[in-house]
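Trainee: Below is one structure. I have some questions about it.
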Protein chains: 2
Amino acid sequence: MTPRSKQKRSTSQERQAGLITAAASLFAAKGFNGTTTKEIARAAGVSEALVFKHFPTKRALYGAILAEKVTVNELLEAVEESAKKRDDRRVFTLIASFRIRPGADSTLLRLLLFSALEGHELSEMFFGKHHRVFYDHLATYIETRSAEGAFRMVDPLLAARAFIGMVVHHRLLHEIFGVPMHRSHDETVTTYVDLFLTGLVQQPTAPAQRRGSG
Amino acid sequence: MTPRSKQKRSTSQERQAGLITAAASLFAAKGFNGTTTKEIARAAGVSEALVFKHFPTKRALYGAILAEKVTVNELLEAVEESAKKRDDRRVFTLIASFRIRPGADSTLLRLLLFSALEGHELSEMFFGKHHRVFYDHLATYIETRSAEGAFRMVDPLLAARAFIGMVVHHRLLHEIFGVPMHRSHDETVTTYVDLFLTGLVQQPTAPAQRRGSG
DNA sequence: CAACGGTGAGTAATTACTCACTCACTTATT
DNA sequence: AATAAGTGAGTGAGTAATTACTCACCGTTG
């Protein structure tokens, strides 16, 4: 074997992976309707005809992308560990950091939004794998901590969504709408976590004073 | 004037308004690239040629929509009033209610997302008129209240975005991703406002006890 | 009649997708 | 070892349909 010289032909898998990568960034940048199969072929460095050898239709290629881009687990394990220690601040910080992390490319977020807006059939699955897991996980934790008396009694799902909402919205502003981040990554995360856990209203730090009752 | 009988021909303004309405809902549903001028004409009940009598290009029609859909002021006045009274809860409730209000159609939100994702030149203006005003307004209020000692010292812009983020994210989930609202409108708003103002962590209700300092 | 609202029938370009075909490489047969 | 046959990657040149947009031409009305 060892085609050391100059392998002219890729394997089918390599080609498919290359096509998916090229198409994913194009679909993320310009949407499904805004991307042509000719562009995809050119970006992948092959002829347009070959695209259809690997994927029967343009939509099938799109579906393959959505079905492939599913990876979150490493975060949930780290969260689980902090959750066992009841380290509330760390649980929320981990989630927020993961979502706001500086190097995260906007491809997935854009793909998610495009697929939802354009009503692709795999959109819901894509959403479920990328976002719903967070809500459910976080909601369960909040519910537990509420039962333990550490958190107030709130609808855990609403609370989870509220927190994720802060963070996702931040990414949205930054990555989709181009709003500049005027604070550092860490400052932003800390602020959000702090706001969510202890609220905006100033708490009395000298509780020996009477607290107004009306 | 008064063509009372059976006006076969509309005025130019009426036609333009009709075209904008028809096109707006189509663009919101399927995006710019996903909508054809033929569809727009059919939805407006005219020939395709007439579309181009009123708007030189499809993109100009899109631009006219974004430029026209700008209306928020009534809310900001109500907020201003509550802000003067330092009624924090009401300020936030007003904003949240306005955004989550049940009858709000998703057209504007979808148009906003599509225009940002597809990179339309008027997207930023659209965003500015529909969202940035909220941040700025709210940030100013938060800054004032922080200076007065009522709110903690936080980056006011981040805090404003955090709150708007909760609410906008809620709409996103509901209107774009089809996630069902399992709580009523009012319950949801109350929960969000309460979470944001007082935080998730249970506060001691009997402050006569000493509070741990480490 | 003249101006304007309105249209049918185009057109050139682009689109997703197809097909007949070549080329590189592997395997079986002599 | 040489050759023949087969396999699958890869393509140039299409095609039918759709696209945004145009234009010569109506018909109503002031």
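Residue names in the structure tokens use chain letters A, B, ... in the order shown, residue numbers from 1 in each chain, and ligand numbers from 1 in the order shown.
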Residues of chain C within 9 Å of chain B, counting only C-alpha atoms (C1' of nucleotides), what are they? List them as a list in words.
Mentor: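 Matching residues, ligands excluded from the count: DG5, DG6 and DT7 of chain C.
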Trainee: Residues of chain C that approach stretch 21-29 of chain D to 10 Å or less, counting only C-alpha atoms (C1' of nucleotides): could you list each one with the shortest pair of atoms and its distance in Å to one decimal, rows by chain and increasing residue number, as CSV?
Mentor:
residue,atom,partner,partner_atom,distance
C:DA3,C1',D:DT29,C1',9.3
C:DC4,C1',D:DT29,C1',9.1
C:DG5,C1',D:DT28,C1',8.4
C:DG6,C1',D:DC26,C1',8.2
C:DT7,C1',D:DC26,C1',7.7
C:DG8,C1',D:DC25,C1',9.1
C:DA9,C1',D:DC23,C1',9.4
C:DG10,C1',D:DT22,C1',8.3
C:DT11,C1',D:DT22,C1',8.0
C:DA12,C1',D:DC21,C1',9.7
Trainee: Given a cut-off of 7 Å, which residues of chain D touch chain A, counting only C-alpha atoms (C1' of nucleotides), written out as a VMD selection string?
Mentor: chain D and resid 9 to 11
Trainee: Using only C-alpha atoms, find each residue in chain B having at least one atom no more than 6 Å away from chain A; report its shortest atom-to-atom pair and that distance in Å (one decimal), rows by chain then rising number, as a tab-separated table.
Mentor:
residue	atom	partner	partner_atom	distance
B:Lys30	CA	A:Glu118	CA	5.9
B:Asn33	CA	A:Asn33	CA	5.7
B:Gly34	CA	A:Asn33	CA	5.9
B:Glu118	CA	A:Lys30	CA	5.9
B:Ala150	CA	A:Gln202	CA	5.7
B:Phe151	CA	A:Val201	CA	4.6
B:Arg152	CA	A:Gln202	CA	4.8
B:Ala162	CA	A:Met166	CA	4.7
B:Gly165	CA	A:Met166	CA	4.5
B:Met166	CA	A:Gly165	CA	4.5
B:His169	CA	A:Gly165	CA	4.9
B:Phe196	CA	A:Gly199	CA	5.3
B:Leu197	CA	A:Leu200	CA	4.7
B:Thr198	CA	A:Gly199	CA	4.1
B:Gly199	CA	A:Gly199	CA	3.4
B:Leu200	CA	A:Leu197	CA	4.7
B:Val201	CA	A:Phe151	CA	4.5
B:Gln202	CA	A:Phe151	CA	4.7
B:Pro207	CA	A:Pro207	CA	5.3
B:Ala208	CA	A:Ala208	CA	5.9
Trainee: From a backbone DSSP assignment, name each residue in stretch 16-181 of chain B labelled alpha helix (DSSP H), as a VMD selection string.
Mentor: chain B and resid 16 to 30 37 to 44 48 to 54 58 to 68 73 to 84 88 to 100 107 to 117 123 to 127 133 to 147 156 to 171
Trainee: Set the distance at 10 Å and use only C-alpha atoms (C1' of nucleotides): which residues neighbour D:DA5 once local chain neighbours fewer than 5 positions away are removed? I'd like the list as a list in words.
Mentor: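 Non-adjacent residues within range: DT27, DA28 and DT29 of chain C.
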Trainee: Could those selected residues go to a file with N, CA and C atoms (P, O5', C5', C4', C3', O3' and C1' of nucleotides), as a PDB file, in the first residue's frame?
Mentor:
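again-v8.pdb, freshly written:
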ATOM      1  P    DT C  27      -6.922  -5.896  -4.287  1.00  0.00           P
ATOM      2  O5'  DT C  27      -7.421  -6.934  -5.386  1.00  0.00           O
ATOM      3  C5'  DT C  27      -8.774  -6.874  -5.856  1.00  0.00           C
ATOM      4  C4'  DT C  27      -8.944  -7.819  -7.035  1.00  0.00           C
ATOM      5  C3'  DT C  27      -8.355  -9.219  -6.831  1.00  0.00           C
ATOM      6  O3'  DT C  27      -9.351 -10.181  -7.139  1.00  0.00           O
ATOM      7  C1'  DT C  27      -7.661  -8.314  -8.903  1.00  0.00           C
ATOM      8  P    DA C  28      -9.092 -11.767  -6.778  1.00  0.00           P
ATOM      9  O5'  DA C  28      -9.173 -12.433  -8.229  1.00  0.00           O
ATOM     10  C5'  DA C  28     -10.276 -12.112  -9.070  1.00  0.00           C
ATOM     11  C4'  DA C  28      -9.985 -12.575 -10.487  1.00  0.00           C
ATOM     12  C3'  DA C  28      -9.466 -14.016 -10.593  1.00  0.00           C
ATOM     13  O3'  DA C  28     -10.168 -14.691 -11.634  1.00  0.00           O
ATOM     14  C1'  DA C  28      -7.948 -12.528 -11.641  1.00  0.00           C
ATOM     15  P    DT C  29      -9.819 -16.254 -11.936  1.00  0.00           P
ATOM     16  O5'  DT C  29      -8.911 -16.105 -13.229  1.00  0.00           O
ATOM     17  C5'  DT C  29      -9.374 -15.283 -14.313  1.00  0.00           C
ATOM     18  C4'  DT C  29      -8.415 -15.395 -15.485  1.00  0.00           C
ATOM     19  C3'  DT C  29      -7.845 -16.789 -15.694  1.00  0.00           C
ATOM     20  O3'  DT C  29      -7.877 -17.115 -17.091  1.00  0.00           O
ATOM     21  C1'  DT C  29      -6.078 -15.228 -15.512  1.00  0.00           C
TER      22       DT C  29
END
